[in-house]
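Notes follow once the structure below has been shown.
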Amino acid sequence: MLMVPKLKSKKKHKAIAVLTSGGDAPGMNAAIRAVVRYSLGQGCAVFGVQKGYSGLLDGEIHPLKASSVANIIQRGGTMLKTDRCDEFYKRTARKQAAEMLRRKGIDGLVVIGGDGSFTGANLLENETGFPTIGIPGTIDNDICETDETIGFDTAVNTAIDAIDRIRDTATSHDRTFIVEVMGASAGFIGLSVGIGGGAETIVLPEKRDSIESICKKIERGVKRGKSSSIIVVAEGPEPGLGARIGRDILKHGFPSKVCILGHTQRGGSPTAHDRLLASILGASAVAFMLGGHSNAMVGVRKNEVALIPFSKIIGKRKKLPDELLELAHALST
């Protein structure tokens with residue numbers, strides 16, 4: 001079972017700040033709650049930054065108490081709001097952010113987000129010496145060096161719940177349904193949803209089946225007596241992939257209905273798994289920071305909390321597990 005690391009030594013951090021950046025993910029609130037309450041328990045004050053790096057530059061930084069995070073563990077989204085801040089790409093902006101934090105007596109920053117958010121945290125520390133720790137919060141599960149990211153489990157369960165409902169209609173009307181899930185450049189959601197939802201075909205950014213191959217799988221199912229099919233499609237870099245596949249298979253004589261799940265996968269109450277994961281990683285981030293560690297992300301490796309330097313994560317591409325790809329192929333034949 002995942003455990004928060006024990007504090008061997010304690011650095012004198014008077015106050016730390018926490019922000020969420022990039023796309024929201026279910027479980028971010030649970031992570032914020034853990035950061036706040038674990039910090040306060042260690043005698044360290046906590047500040048919340050509104051709207052990510054944009055709020056940091058605008059000085060939207062406010063003290064948080066234990067009561068500030070009451071009754072948020074079950075809520076989706078992020079109470080701190082989030083943003084994608086182009087201004088933070090500028091060196092002068094990062095210098096301004098560090099000065100802003102120091103003026104408020106803050107000497108550490110916890111960033112909850114994905115690769116882009118960690119890039120900002122890494123540059124902030126490298127250029128200004130301001131300590132940063134990252135917590136992986138993204139439904140895409142595409143952060144290198146961690147087995148899991150906060151929000152992924154909820155997104156997969158949301159999509160599978162939708163597929164279960166769609167299958168009822170598909171079976172009743174003898175139809176093929178194309179279900180488009182999120183995943184512009186990474187197919188972790190698509191792969192897990194496809195296997196868990198019993199899809200006949202899974203189309204991923206990393207592994208694009210040809211239209212002929214998709215049609216052959218549908219045809220094989222028909223010969224076995226199947227009257228309906230589910231095709232799971234990760235959205236890919238260009239919008240409308242599910243609709244394009246639908247038009248292409250129609251040319252081969254297979255009509256279909258397209259259902260785009262879109263941002264429904266980001267919202268909603270986090271699963272118990274995501275709440276627990278977020279709570280452990282939030283507390284662990286504080287424990288590592290108070291232990292003198294920074295410029296790194298807390299992640300999960302082989303069911304243990306690990307601290308991974310940003311330099312091993314940023315800009316790296318996480319591979320889909322070959323074993324799951326093989327399983328998906330075996331179960332769809």
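Chain identifiers are assigned as A, B, and so on, following the order in which chains appear in the structure tokens; residues are numbered from 1 within each chain, and ligands are numbered from 1 in order of appearance.
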Would you list the contacts of Ile160 of chain A as a PyMOL selection string, taking every protein, DNA or RNA residue within 9 Å and counting only C-alpha atoms, but skipping same-chain residues closer than 6 positions in sequence?
chain A and resi 193-194+196-197
Keeping only N, CA, C and O atoms, take the residues you just selected and write them out as a compact mmCIF listing (two decimals), in the first residue's frame.
```txt
# COMPACT_ATOMS: atom_id res chain seq x y z
N VAL A 193 -10.18 2.18 -21.30
CA VAL A 193 -11.64 2.19 -21.53
C VAL A 193 -12.02 1.10 -22.53
O VAL A 193 -13.04 0.42 -22.37
N GLY A 194 -11.21 0.95 -23.57
CA GLY A 194 -11.50 -0.07 -24.58
C GLY A 194 -11.50 -1.48 -24.01
O GLY A 194 -12.41 -2.27 -24.29
N GLY A 196 -11.66 -2.29 -20.66
CA GLY A 196 -12.66 -2.38 -19.60
C GLY A 196 -14.08 -2.34 -20.11
O GLY A 196 -14.99 -2.88 -19.48
N GLY A 197 -14.30 -1.67 -21.25
CA GLY A 197 -15.64 -1.57 -21.81
C GLY A 197 -15.96 -2.64 -22.84
O GLY A 197 -17.05 -2.64 -23.40
```
Name all residues at most 9 Å from Ser228 of chain A (count only C-alpha atoms; drop same-chain ones fewer than 2 positions away) and give them as a list in words.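 Returned residues: Arg167, Ala170, Thr171, Ser172, His173, Asp174, Arg175, Thr176, Phe177, Ile218, Gly221, Val222, Lys226 and Ile230 of chain A.
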Using N, CA and C atoms, can you export the residues from the last selection as a CSV table (one decimal), in the first residue's frame?
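This went into result.csv:
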```
chain,number,residue,atom,x,y,z
A,167,ARG,N,-23.9,0.7,-24.9
A,167,ARG,CA,-24.0,-0.7,-25.4
A,167,ARG,C,-25.4,-1.2,-25.3
A,170,ALA,N,-26.9,0.1,-28.4
A,170,ALA,CA,-26.3,-0.5,-29.6
A,170,ALA,C,-26.9,-1.9,-29.8
A,171,THR,N,-27.1,-2.7,-28.7
A,171,THR,CA,-27.6,-4.0,-28.7
A,171,THR,C,-29.1,-4.0,-29.1
A,172,SER,N,-29.8,-3.1,-28.6
A,172,SER,CA,-31.3,-3.0,-28.9
A,172,SER,C,-31.5,-2.7,-30.3
A,173,HIS,N,-30.6,-1.9,-31.0
A,173,HIS,CA,-30.9,-1.4,-32.3
A,173,HIS,C,-30.0,-2.1,-33.4
A,174,ASP,N,-29.1,-3.1,-32.9
A,174,ASP,CA,-28.2,-3.7,-33.8
A,174,ASP,C,-27.3,-2.7,-34.5
A,175,ARG,N,-26.6,-1.9,-33.7
A,175,ARG,CA,-25.9,-0.8,-34.3
A,175,ARG,C,-24.4,-0.9,-33.9
A,176,THR,N,-23.6,-0.2,-34.7
A,176,THR,CA,-22.2,0.0,-34.4
A,176,THR,C,-22.1,1.4,-33.8
A,177,PHE,N,-21.5,1.6,-32.6
A,177,PHE,CA,-21.3,2.9,-32.0
A,177,PHE,C,-19.8,3.2,-32.0
A,218,ILE,N,-15.3,-5.7,-37.5
A,218,ILE,CA,-16.8,-5.7,-37.4
A,218,ILE,C,-17.4,-6.9,-38.2
A,221,GLY,N,-17.1,-10.1,-36.3
A,221,GLY,CA,-18.2,-10.1,-35.2
A,221,GLY,C,-19.5,-10.5,-35.8
A,222,VAL,N,-19.8,-10.0,-37.0
A,222,VAL,CA,-21.1,-10.3,-37.6
A,222,VAL,C,-21.2,-11.8,-37.9
A,226,LYS,N,-22.7,-11.5,-33.8
A,226,LYS,CA,-22.8,-10.2,-33.1
A,226,LYS,C,-23.6,-9.3,-34.0
A,230,ILE,N,-18.8,-1.9,-30.5
A,230,ILE,CA,-18.4,-0.7,-29.9
A,230,ILE,C,-16.9,-0.4,-30.4
```
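Using only C-alpha atoms, the smallest distance between any of A:Ala97, A:Leu80, A:Ile135, A:Ala25 and Gly268 of chain A comes from A:Ala25.
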Check your understanding: What residues in segment 79-310 of chain A get the DSSP label helix (DSSP H, G or I)? Please answer as JSON, numbers by chain.
Key -> {"A": [86, 87, 88, 89, 91, 92, 93, 94, 95, 96, 97, 98, 99, 100, 101, 102, 103, 115, 116, 117, 118, 119, 120, 121, 122, 123, 124, 125, 126, 127, 128, 152, 153, 154, 155, 156, 157, 158, 159, 160, 161, 162, 163, 164, 165, 166, 167, 168, 169, 170, 171, 172, 173, 188, 189, 190, 191, 192, 193, 194, 195, 196, 211, 212, 213, 214, 215, 216, 217, 218, 219, 220, 221, 222, 223, 241, 242, 243, 244, 245, 246, 247, 248, 249, 250, 251, 262, 263, 264, 265, 272, 273, 274, 275, 276, 277, 278, 279, 280, 281, 282, 283, 284, 285, 286, 287, 288, 289, 290, 310]}
Gln42 of chain A environment, 12 Å, only C-alpha atoms, sequence neighbours closer than 2 positions dropped, as a list of chain:residue names: A:Leu7, A:Lys10, A:Lys11, A:Lys12, A:His13, A:Lys14, A:Ala15, A:Ile16, A:Val35, A:Val36, A:Arg37, A:Tyr38, A:Ser39, A:Leu40, A:Cys44, A:Ala45, A:Val46, A:Ala283, A:Val286, A:Ala287, A:Met289, A:Leu290, A:Gly291
**Prompt:** Any idea what's packed within 9 Å of Ile313 of chain A, counting only C-alpha atoms, ignoring anything in its chain fewer than 3 positions away? Could you give it as a VMD selection string?
**Reply:** chain A and resid 115 118 143 to 145 296 to 297 308 to 310 316 to 317
- List every residue of segment 67-154 of chain A that DSSP, applied to the backbone, labels as strand (DSSP E), and write the result as a PyMOL selection string. chain A and resi 109-113+132-136
query = Any idea what the distance is between atom CA of Lys207 of chain A and atom CA of Gly22 of chain A?
reply =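 Taking atom CA of Lys207 of chain A and atom CA of Gly22 of chain A, their separation equals 26.0 Å.
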*Can you pull out every residue within 12 Å of Leu250 of chain A, counting only C-alpha atoms, but drop anything in the same chain fewer than 4 positions away, and send it as a ChimeraX atom specification?*
/A:176,178,211-212,214-215,218,243-246,254-258
